[in-house]
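What follows is the content of run_12.cif (mmCIF, C-alpha atoms).
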data_work
#
loop_
_atom_site.label_atom_id
_atom_site.label_comp_id
_atom_site.auth_asym_id
_atom_site.auth_seq_id
_atom_site.Cartn_x
_atom_site.Cartn_y
_atom_site.Cartn_z
CA MET A 1 -105.75 53.73 49.84
CA GLU A 2 -109.03 55.47 50.52
CA VAL A 3 -110.80 56.36 53.75
CA VAL A 4 -114.49 55.41 54.01
CA PHE A 5 -116.84 56.38 56.84
CA GLY A 6 -120.44 57.16 57.64
CA CYS A 7 -121.55 60.31 59.38
CA TYR A 8 -124.38 61.59 61.52
CA ASP A 9 -125.22 63.95 58.62
CA ARG A 10 -126.78 60.95 56.80
CA ARG A 11 -124.00 60.42 54.29
CA VAL A 12 -121.33 57.83 53.52
CA TYR A 13 -118.04 59.39 52.43
CA ALA A 14 -115.04 58.04 50.52
CA LEU A 15 -111.92 60.22 50.62
CA ARG A 16 -108.62 59.84 48.80
CA GLY A 17 -106.07 58.73 51.33
CA SER A 18 -103.28 60.70 49.67
CA ASP A 19 -104.80 64.15 50.08
CA GLY A 20 -108.22 63.79 51.79
CA SER A 21 -110.16 65.03 48.78
CA LEU A 22 -113.67 63.71 48.22
CA LEU A 23 -113.87 60.66 45.97
CA TRP A 24 -117.64 60.23 46.40
CA SER A 25 -120.45 60.53 48.92
CA TYR A 26 -123.79 58.76 49.17
CA PRO A 27 -126.88 60.18 50.91
CA THR A 28 -128.81 57.82 53.19
CA MET A 29 -132.16 58.47 54.83
CA GLY A 30 -130.79 58.12 58.35
CA SER A 31 -127.76 59.03 60.41
CA ILE A 32 -124.93 56.53 60.49
CA ILE A 33 -123.39 55.22 63.67
CA SER A 34 -121.97 51.91 62.40
CA SER A 35 -118.58 51.52 60.78
CA PRO A 36 -118.39 50.29 57.20
CA ALA A 37 -117.31 46.81 56.21
CA ILE A 38 -115.25 46.79 53.03
CA GLY A 39 -114.72 43.83 50.70
CA ASP A 40 -115.69 42.17 47.44
CA ILE A 41 -119.14 40.89 48.39
CA ASN A 42 -120.38 39.98 44.90
CA ASP A 43 -117.25 38.35 43.45
CA ASP A 44 -116.86 40.94 40.67
CA GLY A 45 -113.24 41.78 41.50
CA ASN A 46 -114.16 45.20 42.89
CA ILE A 47 -114.51 46.38 46.47
CA GLU A 48 -117.90 47.22 47.96
CA VAL A 49 -118.79 49.21 51.09
CA VAL A 50 -121.49 47.86 53.44
CA ILE A 51 -122.88 50.06 56.22
CA GLY A 52 -125.99 50.34 58.39
CA ALA A 53 -128.04 53.44 59.23
CA SER A 54 -130.78 54.70 61.53
CA ASP A 55 -133.25 54.48 58.64
CA LYS A 56 -133.38 50.70 59.30
CA ARG A 57 -131.33 49.96 56.19
CA VAL A 58 -128.14 48.14 55.35
CA TYR A 59 -126.53 49.69 52.28
CA ALA A 60 -124.16 47.90 49.89
CA LEU A 61 -122.38 50.52 47.78
CA ARG A 62 -119.91 50.08 44.92
CA GLY A 63 -116.52 51.21 46.14
CA LEU A 64 -115.54 52.76 42.81
CA ASP A 65 -118.29 55.37 42.69
CA GLY A 66 -120.62 54.96 45.70
CA THR A 67 -123.64 53.81 43.70
CA VAL A 68 -126.05 51.35 45.29
CA LEU A 69 -125.52 47.64 44.70
CA TRP A 70 -128.43 46.75 47.03
CA GLU A 71 -130.29 47.83 50.17
CA PHE A 72 -131.86 45.68 52.88
CA ILE A 73 -134.50 46.98 55.30
CA THR A 74 -134.57 45.66 58.87
CA GLY A 75 -137.23 46.27 61.51
CA ASP A 76 -135.31 49.00 63.40
CA TYR A 77 -132.08 51.04 63.49
CA VAL A 78 -128.85 49.43 62.37
CA VAL A 79 -126.16 50.53 64.81
CA SER A 80 -124.14 47.32 64.45
CA SER A 81 -121.22 47.39 62.05
CA PRO A 82 -121.59 44.71 59.37
CA THR A 83 -119.13 41.84 58.97
CA ILE A 84 -118.23 40.26 55.63
CA ALA A 85 -117.31 36.56 55.50
CA ASP A 86 -118.04 33.33 53.67
CA ILE A 87 -119.81 31.61 56.54
CA ASN A 88 -121.46 28.79 54.58
CA GLY A 89 -118.37 27.69 52.65
CA ASP A 90 -119.88 28.23 49.20
CA GLY A 91 -117.06 30.51 48.01
CA TYR A 92 -119.23 33.65 48.09
CA MET A 93 -119.29 36.34 50.74
CA GLU A 94 -122.16 36.95 53.09
CA VAL A 95 -122.95 40.11 55.06
CA ILE A 96 -123.70 39.57 58.75
CA VAL A 97 -125.30 42.42 60.71
CA GLY A 98 -127.37 43.00 63.82
CA SER A 99 -130.33 45.35 64.21
CA ARG A 100 -132.22 47.03 67.03
CA ASP A 101 -135.12 44.79 65.97
CA SER A 102 -133.32 42.07 68.01
CA SER A 103 -132.26 40.10 64.92
CA VAL A 104 -128.98 38.96 63.43
CA TYR A 105 -129.24 38.85 59.63
CA VAL A 106 -127.09 36.91 57.19
CA LEU A 107 -127.48 38.42 53.73
CA GLY A 108 -126.22 37.19 50.38
CA GLY A 109 -123.45 39.52 49.21
CA THR A 110 -124.55 39.47 45.60
CA ASP A 111 -128.08 40.79 46.08
CA GLY A 112 -128.79 41.29 49.81
CA THR A 113 -131.34 38.48 50.09
CA VAL A 114 -131.83 37.03 53.56
CA LEU A 115 -130.13 33.64 53.85
CA TRP A 116 -131.21 33.36 57.48
CA HIS A 117 -131.83 35.43 60.55
CA PHE A 118 -131.88 34.78 64.28
CA LYS A 119 -134.07 36.56 66.81
CA THR A 120 -132.40 37.36 70.14
CA GLY A 121 -133.80 38.61 73.43
CA TYR A 122 -133.00 42.29 72.95
CA TYR A 123 -131.48 45.02 70.77
CA ILE A 124 -128.29 44.24 68.94
CA LEU A 125 -125.95 47.18 69.10
CA SER A 126 -122.66 45.28 68.94
CA SER A 127 -121.00 44.03 65.78
CA PRO A 128 -120.89 40.35 64.88
CA ALA A 129 -117.61 38.44 64.82
CA VAL A 130 -116.95 35.39 62.68
CA ALA A 131 -114.57 32.61 63.76
CA ASP A 132 -114.19 28.86 64.12
CA ILE A 133 -114.80 28.97 67.86
CA ASP A 134 -115.12 25.20 68.40
CA ASN A 135 -112.21 24.19 66.16
CA ASP A 136 -114.35 22.02 63.87
CA GLY A 137 -113.30 23.69 60.61
CA ASP A 138 -116.60 25.57 60.23
CA VAL A 139 -117.02 29.23 61.03
CA GLY A 140 -119.74 30.54 63.30
CA VAL A 141 -121.18 33.95 64.11
CA VAL A 142 -120.74 35.41 67.57
CA VAL A 143 -122.77 38.41 68.72
CA SER A 144 -123.34 39.91 72.13
CA ILE A 145 -126.43 41.83 73.12
CA LEU A 146 -125.23 45.08 74.58
CA TYR A 147 -127.14 48.12 75.67
CA PHE A 148 -124.74 51.00 76.07
CA PHE A 149 -122.51 49.99 78.99
CA GLY A 150 -124.21 46.78 80.07
CA SER A 151 -125.87 43.72 78.72
CA ARG A 152 -129.68 43.77 78.59
CA ASP A 153 -130.35 40.06 78.19
CA ASN A 154 -126.97 39.04 79.64
CA LYS A 155 -126.14 36.72 76.75
CA VAL A 156 -123.50 36.22 74.11
CA TYR A 157 -124.86 34.22 71.17
CA ALA A 158 -122.71 31.80 69.17
CA LEU A 159 -124.60 30.86 66.00
CA ARG A 160 -123.76 28.12 63.53
CA TYR A 161 -124.82 28.27 59.90
CA LEU A 162 -126.59 25.02 59.09
CA VAL A 163 -127.25 24.01 55.51
#
Please render this file's structure as structure tokens.
Amino acid sequence: MEVVFGCYDRRVYALRGSDGSLLWSYPTMGSIISSPAIGDINDDGNIEVVIGASDKRVYALRGLDGTVLWEFITGDYVVSSPTIADINGDGYMEVIVGSRDSSVYVLGGTDGTVLWHFKTGYYILSSPAVADIDNDGDVGVVVSILYFFGSRDNKVYALRYLV
């Protein structure tokens, strides 16, 4: 097992769990507040690391060596921690993340292309959750709009992926 985290020093780190030695690190152009999401997002049998940064980017890094699979640029900081799930039922993983540009983005795991996005009423600092909240067999995305200790637009959004 490895330990993966982002740091305010503008780097993503992967450490060996057995002894804490550095496996790899990747330099970003902004400090990192979000936590990484870890999973096989491109169906290649290997694990990837997805994380957001204050440089307005979402980074998808190969877990084996920390090289870039893809980057996506939002309109503002990415404080939200990404979520990885197959939300459209096509058998491939999507990356769901919020940005301070007031948008929730759903990105294709293979290449980071925008499948859809939703504009909310204020910054998104919280992390999206994915669940079948209405028990219909389809998953949806739930995100709340939080500003530090309170809600700015006083809403929790439940979004359904429509094809």
Distance query range 15-29 of chain A at most 8 Å, all atoms listed in the file, self and fewer than 4 positions along chain excluded, as a PyMOL selection string | chain A and resi 1-4+10-11+53-55+65-67
Straight-line distance linking CA of Ile33 in chain A with CA of Cys7 in chain A, stated in Å to one decimal = 6.9 Å
Around all the atoms of range 75-80 of chain A listed in the file, with 8 Å of room on each side, what axis-aligned box do you get, giving centre and edge lengths in Å to one decimal, as AutoDock Vina command-line options?
--center_x -130.7 --center_y 48.7 --center_z 63.2 --size_x 29.1 --size_y 20.8 --size_z 19.3
Picked residues, the PyMOL selection byres ((chain A and resi 82-89) around 7), as a VMD selection string | chain A and resid 36 to 37 50 to 51 80 to 81 90 to 97 127 to 129 139 to 140 161
Okay, now the selection with C-alpha atoms, as a short mmCIF file (atom, residue, chain, number, x, y, z; two decimals), in the frame of the given file?
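Generated output (out-v3.cif):
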data_model
loop_
_atom_site.label_atom_id
_atom_site.label_comp_id
_atom_site.auth_asym_id
_atom_site.auth_seq_id
_atom_site.Cartn_x
_atom_site.Cartn_y
_atom_site.Cartn_z
CA PRO A 36 -118.39 50.29 57.20
CA ALA A 37 -117.31 46.81 56.21
CA VAL A 50 -121.49 47.86 53.44
CA ILE A 51 -122.88 50.06 56.22
CA SER A 80 -124.14 47.32 64.45
CA SER A 81 -121.22 47.39 62.05
CA ASP A 90 -119.88 28.23 49.20
CA GLY A 91 -117.06 30.51 48.01
CA TYR A 92 -119.23 33.65 48.09
CA MET A 93 -119.29 36.34 50.74
CA GLU A 94 -122.16 36.95 53.09
CA VAL A 95 -122.95 40.11 55.06
CA ILE A 96 -123.70 39.57 58.75
CA VAL A 97 -125.30 42.42 60.71
CA SER A 127 -121.00 44.03 65.78
CA PRO A 128 -120.89 40.35 64.88
CA ALA A 129 -117.61 38.44 64.82
CA VAL A 139 -117.02 29.23 61.03
CA GLY A 140 -119.74 30.54 63.30
CA TYR A 161 -124.82 28.27 59.90
#
What is the CA of Leu107 in chain A to CA of Val12 in chain A distance in Å?
-> 20.4 Å
Name all residues at most 6 Å from range 114-122 of chain A (count all atoms listed in the file; drop same-chain ones fewer than 5 positions away) and give them as a list of chain:residue names.
->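 Within the cut-off, the hits are A:Ser102, A:Ser103, A:Val104, A:Tyr105, A:Val106, A:Leu107.
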Pull C-alpha atoms from the residues just selected and write them as a compact mmCIF listing (two decimals), in the frame of the given file.
# COMPACT_ATOMS: atom_id res chain seq x y z
CA SER A 102 -133.32 42.07 68.01
CA SER A 103 -132.26 40.10 64.92
CA VAL A 104 -128.98 38.96 63.43
CA TYR A 105 -129.24 38.85 59.63
CA VAL A 106 -127.09 36.91 57.19
CA LEU A 107 -127.48 38.42 53.73
If you measure from CA of Arg57 in chain A to CA of Val130 in chain A, what distance in Å do you get, rounded to one decimal?
->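 According to the coordinates, CA of Arg57 in chain A and CA of Val130 in chain A are separated by 21.5 Å.
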Residues returned when the PyMOL selection byres ((chain A and resi 69-74) around 6) runs on this file, as a list of chain:residue names = A:Lys56, A:Arg57, A:Val58, A:Tyr59, A:Ala60, A:Leu61, A:Val68, A:Gly75, A:Asp76
Find, counting all atoms listed in the file, the residue in A:Val78, A:Ala14, A:Leu64, A:Val156 that gets nearest to Gly45 in chain A.
-> A:Leu64
Would you please work out which residue, of A:Gly109, A:Asp44, A:Gly52, A:Gly39, is nearest to Phe5 in chain A when using all atoms listed in the file?
->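 Closest candidate: A:Gly52.
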